[in-house]
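Coordinates as given in coords04.tsv (TSV, C-alpha atoms (C1' of nucleotides)):
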chain	number	residue	atom	x	y	z
A	252	MET	CA	117.03	132.22	72.88
A	253	GLU	CA	116.10	129.17	70.92
A	254	THR	CA	117.97	126.78	73.15
A	255	GLU	CA	115.94	128.01	76.06
A	256	LEU	CA	112.76	127.27	74.23
A	257	ILE	CA	113.94	123.80	73.43
A	258	LYS	CA	114.60	123.20	77.07
A	259	GLU	CA	111.14	124.43	77.92
A	260	ALA	CA	109.62	122.10	75.41
A	261	ASN	CA	111.51	119.26	76.92
A	262	CYS	CA	110.23	120.10	80.32
A	263	VAL	CA	106.87	118.61	79.59
A	264	ALA	CA	107.97	115.86	77.30
A	265	GLY	CA	110.76	115.01	79.67
A	266	THR	CA	113.00	113.67	76.95
A	267	VAL	CA	115.88	115.68	78.15
A	268	LYS	CA	119.25	114.22	77.34
A	269	ASN	CA	122.36	116.22	78.00
A	270	THR	CA	120.74	119.59	78.19
A	271	LYS	CA	120.75	120.05	81.96
A	272	PRO	CA	117.03	120.47	82.25
A	273	TYR	CA	116.75	120.43	85.98
A	274	SER	CA	115.42	123.92	86.19
A	275	ALA	CA	112.75	122.89	83.71
A	276	CYS	CA	111.52	120.02	85.84
A	277	LEU	CA	108.96	120.74	88.47
A	278	LEU	CA	110.07	117.82	90.59
A	279	PHE	CA	113.47	119.39	90.82
A	280	SER	CA	112.40	122.99	91.15
A	281	ALA	CA	109.74	122.36	93.75
A	282	ASN	CA	112.18	120.53	95.96
A	283	ALA	CA	114.82	123.20	95.52
A	284	LEU	CA	112.33	125.88	96.49
A	285	ALA	CA	111.09	123.90	99.45
A	286	ARG	CA	114.62	123.43	100.78
A	287	ALA	CA	115.55	127.05	100.31
A	288	ILE	CA	112.46	128.44	101.96
A	289	THR	CA	112.52	125.86	104.73
A	290	ALA	CA	116.03	127.03	105.54
A	291	ILE	CA	114.64	130.48	106.19
A	292	GLY	CA	111.76	129.12	108.20
A	293	ASP	CA	113.88	126.89	110.35
A	294	GLU	CA	116.28	129.72	110.99
A	295	GLU	CA	113.51	131.95	112.32
A	296	PHE	CA	111.55	129.31	114.18
A	297	GLY	CA	114.75	127.73	115.36
A	298	ARG	CA	115.39	130.75	117.55
A	299	PHE	CA	113.02	129.20	120.03
A	300	GLY	CA	113.74	125.57	119.29
A	301	LEU	CA	111.05	124.78	116.75
A	302	CYS	CA	111.06	123.96	113.09
A	303	TYR	CA	108.47	125.29	110.75
A	304	SER	CA	106.11	122.34	110.95
A	305	HIS	CA	106.12	122.46	114.73
A	306	ALA	CA	105.18	126.09	114.50
A	307	TYR	CA	102.30	125.36	112.17
A	308	LEU	CA	101.06	122.58	114.34
A	309	LEU	CA	101.24	124.66	117.48
A	310	CYS	CA	99.27	127.47	115.86
A	311	GLU	CA	96.60	125.08	114.75
A	312	VAL	CA	96.31	123.55	118.20
A	313	VAL	CA	96.06	126.96	119.82
A	314	ALA	CA	93.42	127.98	117.30
A	315	GLN	CA	91.44	124.78	117.75
A	316	PRO	CA	92.05	123.23	121.15
A	317	GLY	CA	91.10	119.58	121.22
A	318	ILE	CA	91.87	119.06	117.56
A	319	SER	CA	92.57	115.47	116.51
A	320	PRO	CA	95.65	114.12	114.75
A	321	SER	CA	93.63	113.19	111.70
A	322	GLN	CA	92.32	116.72	111.37
A	323	LEU	CA	95.83	118.04	111.67
A	324	SER	CA	96.95	115.56	109.08
A	325	GLU	CA	94.44	116.92	106.61
A	326	THR	CA	95.07	120.54	107.39
A	327	LEU	CA	98.84	120.34	107.30
A	328	TYR	CA	99.04	117.89	104.43
A	329	LEU	CA	101.15	115.55	106.49
A	330	THR	CA	100.93	111.85	107.22
A	331	PRO	CA	99.27	110.75	110.48
A	332	SER	CA	102.51	109.19	111.61
A	333	THR	CA	104.30	112.44	111.05
A	334	ILE	CA	101.68	114.24	113.09
A	335	THR	CA	102.24	111.82	115.94
A	336	ARG	CA	105.94	112.53	115.85
A	337	LEU	CA	105.49	116.27	115.76
A	338	VAL	CA	103.03	116.17	118.62
A	339	GLU	CA	105.44	114.02	120.63
A	340	LYS	CA	108.10	116.60	120.16
A	341	LEU	CA	105.85	119.49	121.12
A	342	GLU	CA	104.69	117.47	124.09
A	343	SER	CA	108.26	116.95	125.25
A	344	LYS	CA	108.69	120.71	125.11
A	345	ARG	CA	105.52	121.10	127.21
A	346	LEU	CA	103.81	123.15	124.53
A	347	VAL	CA	100.89	120.81	123.96
A	348	ARG	CA	99.35	117.86	125.78
A	349	ARG	CA	97.38	114.84	124.61
A	350	GLU	CA	94.18	113.42	125.99
A	351	SER	CA	92.89	110.02	124.99
A	352	GLU	CA	89.16	109.71	124.62
A	353	GLY	CA	88.15	106.32	123.32
A	354	LYS	CA	89.99	105.73	120.09
A	355	LYS	CA	90.31	109.42	119.54
A	356	THR	CA	93.09	111.68	120.70
A	357	LEU	CA	92.52	115.30	121.62
A	358	ILE	CA	95.39	117.73	121.51
A	359	TYR	CA	95.39	120.85	123.65
A	360	PRO	CA	97.89	123.64	124.04
A	361	THR	CA	99.49	124.18	127.40
A	362	SER	CA	99.68	127.64	128.86
A	363	GLU	CA	103.28	127.76	127.72
A	364	GLY	CA	102.16	126.85	124.26
A	365	GLU	CA	99.62	129.62	124.22
A	366	ALA	CA	102.18	132.04	125.58
A	367	LEU	CA	104.54	131.18	122.78
A	368	GLN	CA	102.05	131.90	120.04
A	369	PRO	CA	102.71	135.63	119.67
A	370	ILE	CA	106.38	134.92	119.34
A	371	VAL	CA	105.64	132.32	116.70
A	372	ASN	CA	103.57	134.86	114.83
A	373	GLU	CA	106.41	137.33	114.90
A	374	ALA	CA	108.72	134.74	113.44
A	375	TRP	CA	106.12	134.05	110.84
A	376	ASP	CA	106.15	137.71	109.94
A	377	ARG	CA	109.88	137.71	109.58
A	378	VAL	CA	109.82	134.63	107.37
A	379	GLY	CA	107.22	136.20	105.14
A	380	THR	CA	109.10	139.43	104.94
A	381	ARG	CA	112.34	137.74	104.10
A	382	TYR	CA	111.13	135.62	101.27
A	383	SER	CA	108.91	138.37	99.95
A	384	GLN	CA	111.88	140.65	99.67
A	385	LEU	CA	114.01	138.06	97.97
A	386	ILE	CA	111.40	136.83	95.53
A	387	GLY	CA	109.67	140.11	94.96
A	388	GLU	CA	106.54	141.10	96.78
A	389	LYS	CA	104.46	141.31	93.67
A	390	ASP	CA	105.09	137.76	92.60
A	391	VAL	CA	104.77	136.08	95.96
A	392	CYS	CA	101.02	135.95	96.33
A	393	GLN	CA	100.39	134.66	92.86
A	394	LEU	CA	103.18	132.15	93.13
A	395	THR	CA	101.91	130.90	96.46
A	396	GLN	CA	98.45	130.46	95.12
A	397	GLN	CA	99.61	128.55	92.08
A	398	VAL	CA	101.94	126.38	94.09
A	399	PHE	CA	99.18	125.50	96.48
A	400	LYS	CA	96.78	124.76	93.68
A	401	ALA	CA	99.31	122.42	92.15
A	402	ALA	CA	99.94	120.70	95.44
A	403	GLN	CA	96.24	120.18	95.88
A	404	ALA	CA	95.85	118.79	92.39
A	405	LEU	CA	98.62	116.30	92.97
A	406	GLY	CA	97.28	115.35	96.37
A	407	GLU	CA	93.85	114.60	95.04
A	408	GLY	CA	95.08	112.80	92.00
A	409	GLU	CA	96.49	109.89	93.91
B	102	MET	CA	84.76	136.70	98.77
B	103	GLU	CA	86.13	139.34	101.05
B	104	THR	CA	87.44	136.86	103.57
B	105	GLU	CA	89.55	135.31	100.87
B	106	LEU	CA	91.07	138.63	100.04
B	107	ILE	CA	91.86	139.25	103.65
B	108	LYS	CA	93.68	135.97	103.81
B	109	GLU	CA	95.67	136.90	100.76
B	110	ALA	CA	96.62	140.19	102.29
B	111	ASN	CA	97.81	138.37	105.34
B	112	CYS	CA	99.96	136.11	103.29
B	113	VAL	CA	102.52	138.79	102.81
B	114	ALA	CA	102.13	140.53	106.09
B	115	GLY	CA	102.05	137.22	107.86
B	116	THR	CA	99.88	138.50	110.67
B	117	VAL	CA	97.59	135.58	110.42
B	118	LYS	CA	95.81	134.70	113.59
B	119	ASN	CA	93.07	132.15	113.50
B	120	THR	CA	92.36	132.32	109.82
B	121	LYS	CA	94.06	129.10	108.70
B	122	PRO	CA	96.35	130.76	106.23
B	123	TYR	CA	98.50	127.79	105.43
B	124	SER	CA	97.60	127.79	101.79
B	125	ALA	CA	98.57	131.45	101.70
B	126	CYS	CA	102.05	130.82	103.00
B	127	LEU	CA	104.72	129.92	100.54
B	128	LEU	CA	106.72	128.05	103.16
B	129	PHE	CA	103.78	125.76	103.63
B	130	SER	CA	102.70	125.48	100.02
B	131	ALA	CA	106.15	124.86	98.64
B	132	ASN	CA	106.73	122.02	101.04
B	133	ALA	CA	103.33	120.52	100.33
B	134	LEU	CA	104.03	120.64	96.61
B	135	ALA	CA	107.48	119.17	97.04
B	136	ARG	CA	106.15	116.25	99.05
B	137	ALA	CA	103.33	115.54	96.63
B	138	ILE	CA	105.48	115.62	93.55
B	139	THR	CA	108.31	113.72	95.19
B	140	ALA	CA	105.84	110.97	95.94
B	141	ILE	CA	105.22	110.62	92.22
B	142	GLY	CA	108.91	110.75	91.43
B	143	ASP	CA	109.89	108.20	94.00
B	144	GLU	CA	107.15	105.91	92.82
B	145	GLU	CA	108.46	105.94	89.28
B	146	PHE	CA	112.17	105.91	90.05
B	147	GLY	CA	111.57	103.45	92.85
B	148	ARG	CA	110.70	100.80	90.27
B	149	PHE	CA	114.41	100.31	89.87
B	150	GLY	CA	115.48	101.13	93.38
B	151	LEU	CA	116.31	104.79	93.08
B	152	CYS	CA	114.78	107.94	94.43
B	153	TYR	CA	114.49	111.07	92.38
B	154	SER	CA	117.72	112.65	93.53
B	155	HIS	CA	119.69	109.52	92.73
B	156	ALA	CA	118.21	109.62	89.28
B	157	TYR	CA	119.24	113.22	88.75
B	158	LEU	CA	122.70	112.56	90.01
B	159	LEU	CA	123.14	109.53	87.81
B	160	CYS	CA	122.05	111.46	84.75
B	161	GLU	CA	124.49	114.20	85.50
B	162	VAL	CA	127.34	111.78	85.98
B	163	VAL	CA	126.54	110.02	82.72
B	164	ALA	CA	126.37	113.35	80.93
B	165	GLN	CA	129.62	114.57	82.46
B	166	PRO	CA	131.88	111.69	83.45
B	167	GLY	CA	134.48	112.75	85.96
B	168	ILE	CA	132.29	115.43	87.47
B	169	SER	CA	133.17	116.50	91.00
B	170	PRO	CA	130.95	116.53	94.08
B	171	SER	CA	131.15	120.29	94.32
B	172	GLN	CA	129.95	120.70	90.76
B	173	LEU	CA	127.11	118.32	91.47
B	174	SER	CA	126.34	120.27	94.58
B	175	GLU	CA	125.90	123.43	92.57
B	176	THR	CA	123.96	121.85	89.77
B	177	LEU	CA	121.58	119.92	91.98
B	178	TYR	CA	121.22	122.59	94.62
B	179	LEU	CA	122.22	120.15	97.31
B	180	THR	CA	124.77	120.30	100.09
B	181	PRO	CA	128.16	118.67	99.50
B	182	SER	CA	127.50	116.28	102.32
B	183	THR	CA	124.27	115.22	100.72
B	184	ILE	CA	126.10	114.64	97.46
B	185	THR	CA	128.56	112.40	99.23
B	186	ARG	CA	125.72	110.36	100.64
B	187	LEU	CA	123.94	110.05	97.34
B	188	VAL	CA	127.13	109.03	95.59
B	189	GLU	CA	127.80	106.42	98.26
B	190	LYS	CA	124.42	104.93	97.63
B	191	LEU	CA	124.86	104.88	93.89
B	192	GLU	CA	128.30	103.38	94.39
B	193	SER	CA	126.87	100.59	96.51
B	194	LYS	CA	124.50	99.85	93.66
B	195	ARG	CA	127.47	99.77	91.26
B	196	LEU	CA	126.05	102.57	89.14
B	197	VAL	CA	128.92	105.01	89.64
B	198	ARG	CA	132.46	104.83	90.92
B	199	ARG	CA	134.74	107.35	92.60
B	200	GLU	CA	138.33	108.20	91.84
B	201	SER	CA	140.43	110.31	94.14
B	202	GLU	CA	142.82	112.72	92.54
B	203	GLY	CA	144.53	114.90	95.06
B	204	LYS	CA	141.92	116.62	97.11
B	205	LYS	CA	139.45	116.26	94.30
B	206	THR	CA	137.10	113.42	93.67
B	207	LEU	CA	136.05	112.38	90.20
B	208	ILE	CA	132.84	110.50	89.71
B	209	TYR	CA	132.31	108.22	86.74
B	210	PRO	CA	129.40	106.10	85.68
B	211	THR	CA	129.87	102.37	85.47
B	212	SER	CA	128.65	100.50	82.43
B	213	GLU	CA	125.64	99.47	84.45
B	214	GLY	CA	125.00	103.07	85.25
B	215	GLU	CA	125.14	104.04	81.62
B	216	ALA	CA	122.91	101.13	80.71
B	217	LEU	CA	120.32	102.31	83.20
B	218	GLN	CA	120.10	105.80	81.80
B	219	PRO	CA	117.47	105.16	79.12
B	220	ILE	CA	115.27	103.54	81.72
B	221	VAL	CA	115.73	106.53	83.97
B	222	ASN	CA	114.73	108.80	81.12
B	223	GLU	CA	111.59	106.81	80.55
B	224	ALA	CA	110.69	107.17	84.20
B	225	TRP	CA	111.35	110.84	83.88
B	226	ASP	CA	108.89	110.98	81.04
B	227	ARG	CA	106.27	109.25	83.08
B	228	VAL	CA	106.78	111.58	86.01
B	229	GLY	CA	106.43	114.61	83.75
B	230	THR	CA	103.36	113.21	82.10
B	231	ARG	CA	101.71	112.40	85.37
B	232	TYR	CA	102.12	115.73	87.03
B	233	SER	CA	101.37	117.59	83.83
B	234	GLN	CA	98.06	115.83	83.56
B	235	LEU	CA	97.17	116.50	87.16
B	236	ILE	CA	98.22	120.13	87.23
B	237	GLY	CA	97.27	120.99	83.71
B	238	GLU	CA	99.75	121.01	80.87
B	239	LYS	CA	99.33	124.67	80.17
B	240	ASP	CA	100.25	125.80	83.65
B	241	VAL	CA	103.16	123.48	84.26
B	242	CYS	CA	105.87	125.22	82.29
B	243	GLN	CA	105.12	128.64	83.66
B	244	LEU	CA	104.80	127.31	87.17
B	245	THR	CA	108.07	125.46	86.91
B	246	GLN	CA	109.85	128.51	85.67
B	247	GLN	CA	108.50	130.70	88.44
B	248	VAL	CA	109.23	128.13	91.10
B	249	PHE	CA	112.78	127.80	89.91
B	250	LYS	CA	113.27	131.51	89.75
B	251	ALA	CA	112.06	131.81	93.32
B	252	ALA	CA	114.34	129.02	94.47
B	253	GLN	CA	117.25	130.74	92.83
B	254	ALA	CA	116.40	134.07	94.41
B	255	LEU	CA	116.26	132.49	97.83
B	256	GLY	CA	119.45	130.55	97.28
B	257	GLU	CA	121.40	133.63	96.28
B	258	GLY	CA	119.96	135.80	99.00
B	259	GLU	CA	121.69	133.98	101.78
C	37	DT	C1'	75.95	88.49	121.62
C	38	DT	C1'	79.57	87.59	118.88
C	39	DG	C1'	82.42	88.04	114.90
C	40	DA	C1'	84.13	90.85	111.17
C	41	DT	C1'	85.24	95.12	109.34
C	42	DT	C1'	86.49	99.79	109.53
C	43	DC	C1'	88.47	103.78	111.66
C	44	DT	C1'	92.09	106.24	114.43
C	45	DG	C1'	96.29	106.53	116.25
C	46	DT	C1'	100.85	104.91	117.36
C	47	DT	C1'	105.40	102.34	116.59
C	48	DG	C1'	109.46	100.21	113.98
C	49	DT	C1'	112.17	101.15	110.48
C	50	DA	C1'	114.22	103.50	106.65
C	51	DT	C1'	115.68	107.54	104.04
C	52	DG	C1'	116.94	112.08	102.24
C	53	DT	C1'	118.90	116.11	103.88
C	54	DG	C1'	121.68	119.45	106.43
C	55	DC	C1'	124.98	121.48	109.99
C	56	DA	C1'	129.11	121.38	112.27
C	57	DA	C1'	133.37	119.39	112.64
C	58	DA	C1'	137.20	116.90	110.85
C	59	DC	C1'	140.49	116.06	107.45
C	60	DA	C1'	143.42	116.31	103.53
C	61	DA	C1'	145.26	118.77	99.76
C	62	DA	C1'	146.41	123.13	97.63
C	63	DT	C1'	147.53	127.89	97.82
C	64	DT	C1'	149.06	132.02	99.84
C	65	DT	C1'	151.69	134.57	103.13
C	66	DT	C1'	155.59	135.64	105.71
D	13	DA	C1'	160.91	126.71	103.22
D	14	DA	C1'	157.58	126.94	106.88
D	15	DA	C1'	153.29	128.47	108.52
D	16	DA	C1'	148.73	129.90	107.78
D	17	DT	C1'	144.74	130.02	105.17
D	18	DT	C1'	141.58	128.39	101.92
D	19	DT	C1'	139.34	124.70	99.29
D	20	DG	C1'	137.17	120.10	98.44
D	21	DT	C1'	135.34	116.15	100.47
D	22	DT	C1'	133.92	113.20	103.88
D	23	DT	C1'	131.96	111.86	108.62
D	24	DG	C1'	129.06	112.23	113.10
D	25	DC	C1'	124.98	113.41	114.41
D	26	DA	C1'	120.23	115.03	114.24
D	27	DC	C1'	115.73	115.52	112.22
D	28	DA	C1'	111.45	115.68	109.41
D	29	DT	C1'	108.96	112.60	106.89
D	30	DA	C1'	106.87	108.39	105.13
D	31	DC	C1'	105.45	103.36	104.72
D	32	DA	C1'	104.14	99.18	106.62
D	33	DA	C1'	102.61	96.88	110.42
D	34	DC	C1'	100.19	96.95	114.50
D	35	DA	C1'	96.75	97.91	118.37
D	36	DG	C1'	92.67	99.54	120.23
D	37	DA	C1'	88.05	101.24	119.69
D	38	DA	C1'	83.74	101.59	117.18
D	39	DT	C1'	80.49	100.01	114.01
D	40	DC	C1'	78.14	96.62	111.42
D	41	DA	C1'	76.56	91.79	110.29
D	42	DA	C1'	74.92	87.38	111.46

Output the file's structure in the form of structure tokens.
Amino acid sequence: METELIKEANCVAGTVKNTKPYSACLLFSANALARAITAIGDEEFGRFGLCYSHAYLLCEVVAQPGISPSQLSETLYLTPSTITRLVEKLESKRLVRRESEGKKTLIYPTSEGEALQPIVNEAWDRVGTRYSQLIGEKDVCQLTQQVFKAAQALGEGE
Amino acid sequence: METELIKEANCVAGTVKNTKPYSACLLFSANALARAITAIGDEEFGRFGLCYSHAYLLCEVVAQPGISPSQLSETLYLTPSTITRLVEKLESKRLVRRESEGKKTLIYPTSEGEALQPIVNEAWDRVGTRYSQLIGEKDVCQLTQQVFKAAQALGEGE
DNA sequence: TTGATTCTGTTGTATGTGCAAACAAATTTT
DNA sequence: AAAATTTGTTTGCACATACAACAGAATCAA
């Protein structure tokens, strides 16, 4: 349809007026996708009291005991202050512990944290399965790759 | 590289162990993208004290005076309660006003709100230009379309 | 050695968002 | 007509996230 094409054209130019171009704006679409998929993630990880970013952080700490907040910040694409808050939460659940060494902080998993990891991985499976089914398995990998590439490009460009 | 391919394979299966598969997980990538692009949006819209969702909402109200929260909720893919909060904020800035009619609520732009619209559109342009340049103009439209399609699929599948 | 700068991590504060519950109005059922 | 249900909107609360400011440690300069 021609009107569709016009909307698409506007998506880059951005001179959308009354044409409801939200779906053609990446700022809008990316946030909508993030909310929708986070809902799935939080539902699965929420079964054992975590949200998706806690789960990621825990996995990373288990994989690399003694990792620093700044490393986590880079890996997870999250602000240092956010990392502090997430670690605090995981600490209050006795899943990780912090050790201060000079100005550095080392984060280690507790035995409970390590024990939880397989369960986290199962939830991860379920999340992946669910969104793959809904989106279509064929498209997911490509989409993920492109989305990540875009996120990286935006992150570096600032 | 073979290791890369293995990671990709894991992205669907989700059985990632210590292979740092964050970039291969849509839950992770989508959120990273959303944060990065929202940072751009909020920077531009923040010049006049709005965040990106306020800007969207304002545009929609200007385009359709008397629109209801539930309609906005559907259009913007946001929860009714979130709409209420956004409208409250815009009301406190005297950009929209609410009228109660039975159980329904009608939202109208104020003259200030209408006057702001061109400025909002300019900011919109700048946002689009900025992320298009960083991501690559060619890829943006396709990416946006796919991201939106995925968001829709997830939204309906619940 | 001492002073300045830089790096790392943590807080105070603010904000967008959602869930669950409440509430009010409208509609349907009996 | 009265009761029950459904619909539209708003609140109470919680939470992830970020920015700005700060504090402590390390490094560098004089």

Per-residue nearest contacts chain C to chain B, cut-off 12 Å, using only C-alpha atoms (C1' of nucleotides), as CSV:
residue,atom,partner,partner_atom,distance
C:DT51,C1',B:Cys152,CA,9.7
C:DG52,C1',B:Thr183,CA,8.1
C:DT53,C1',B:Thr183,CA,6.3
C:DG54,C1',B:Thr180,CA,7.1
C:DC55,C1',B:Ser182,CA,9.6
C:DA56,C1',B:Ser182,CA,11.3
C:DC59,C1',B:Lys204,CA,10.5
C:DA60,C1',B:Lys204,CA,6.6
C:DA61,C1',B:Lys204,CA,4.8
C:DA62,C1',B:Lys204,CA,7.9

For the interface of chain D with chain A (cut-off 12 Å, counting only C-alpha atoms (C1' of nucleotides)), please tabulate each contacting residue of chain D alongside its nearest pair of atoms and their separation in Å to one decimal, rows sorted by chain and increasing number, as a Markdown table.
| residue | atom | partner | partner_atom | distance |
| --- | --- | --- | --- | --- |
| D:DC27 | C1' | A:Cys302 | CA | 9.7 |
| D:DA28 | C1' | A:Thr333 | CA | 8.0 |
| D:DT29 | C1' | A:Thr333 | CA | 6.2 |
| D:DA30 | C1' | A:Thr330 | CA | 7.2 |
| D:DC31 | C1' | A:Ser332 | CA | 9.5 |
| D:DA32 | C1' | A:Ser332 | CA | 11.3 |
| D:DA35 | C1' | A:Lys354 | CA | 10.5 |
| D:DG36 | C1' | A:Lys354 | CA | 6.7 |
| D:DA37 | C1' | A:Lys354 | CA | 4.9 |
| D:DA38 | C1' | A:Lys354 | CA | 8.0 |

message = Between atom CA of Phe129 of chain B and atom CA of Thr185 of chain B, what distance in Å does the model show, to one decimal?
response = 28.5 Å

query = atom CA of Gly214 of chain B and atom CA of Val197 of chain B, how far apart in Å?
reply =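 Separation between atom CA of Val197 of chain B and atom CA of Gly214 of chain B: 6.2 Å.
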
key: Selection: 10 Å around DG48 of chain C, all atoms listed in the file, excl. self and same-chain fewer than 2 positions, as a list in words   =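 Near neighbours after the sequence-gap exclusion: DA50 of chain C; DA32, DA33 and DC34 of chain D.
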
task = Measure the distance from atom CA of Phe399 of chain A to atom CA of Ala140 of chain B in Å and round it to one decimal.
result = 16.0 Å

Shortest interatomic distance to chain B - which of A:Glu342, A:Asp376, A:Glu295, A:Asp390, counting all atoms listed in the file =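 Using all atoms listed in the file, the shortest distance to chain B belongs to A:Asp376.
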
Given the point (85.3, 94.4, 108.1) in the coordinates of this file, which residues lie within 10 Å, counting all atoms listed in the file, and how would they look as an mmCIF file with C-alpha atoms (C1' of nucleotides), keeping the file's coordinate frame?
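Once everything was written out, this is out09.cif:
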data_model
loop_
_atom_site.group_PDB
_atom_site.id
_atom_site.type_symbol
_atom_site.label_atom_id
_atom_site.label_comp_id
_atom_site.auth_asym_id
_atom_site.auth_seq_id
_atom_site.Cartn_x
_atom_site.Cartn_y
_atom_site.Cartn_z
ATOM 1 C "C1'" DG C 39 82.420 88.040 114.900
ATOM 2 C "C1'" DA C 40 84.130 90.850 111.170
ATOM 3 C "C1'" DT C 41 85.240 95.120 109.340
ATOM 4 C "C1'" DT C 42 86.490 99.790 109.530
ATOM 5 C "C1'" DT D 39 80.490 100.010 114.010
ATOM 6 C "C1'" DC D 40 78.140 96.620 111.420
ATOM 7 C "C1'" DA D 41 76.560 91.790 110.290
#

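Ranking A:Leu308, A:Arg345, A:Gly297, A:Lys340 by their shortest atom-to-atom distance to chain B, with all atoms listed in the file included, puts A:Leu308 first.
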
task = Considering all atoms listed in the file, return as number ranges by chain whatever protein or nucleic-acid residues lie within 8 Å of Ser321 of chain A, sequence-local ones (same chain, fewer than 2 positions apart) excluded.
result = A: 319, 323-325, 331; C: 44

Residues as selected, C-alpha atoms (C1' of nucleotides), written as a CSV table (one decimal), in the coordinates of the input, can you do that?
chain,number,residue,atom,x,y,z
A,319,SER,CA,92.6,115.5,116.5
A,323,LEU,CA,95.8,118.0,111.7
A,324,SER,CA,97.0,115.6,109.1
A,325,GLU,CA,94.4,116.9,106.6
A,331,PRO,CA,99.3,110.8,110.5
C,44,DT,C1',92.1,106.2,114.4
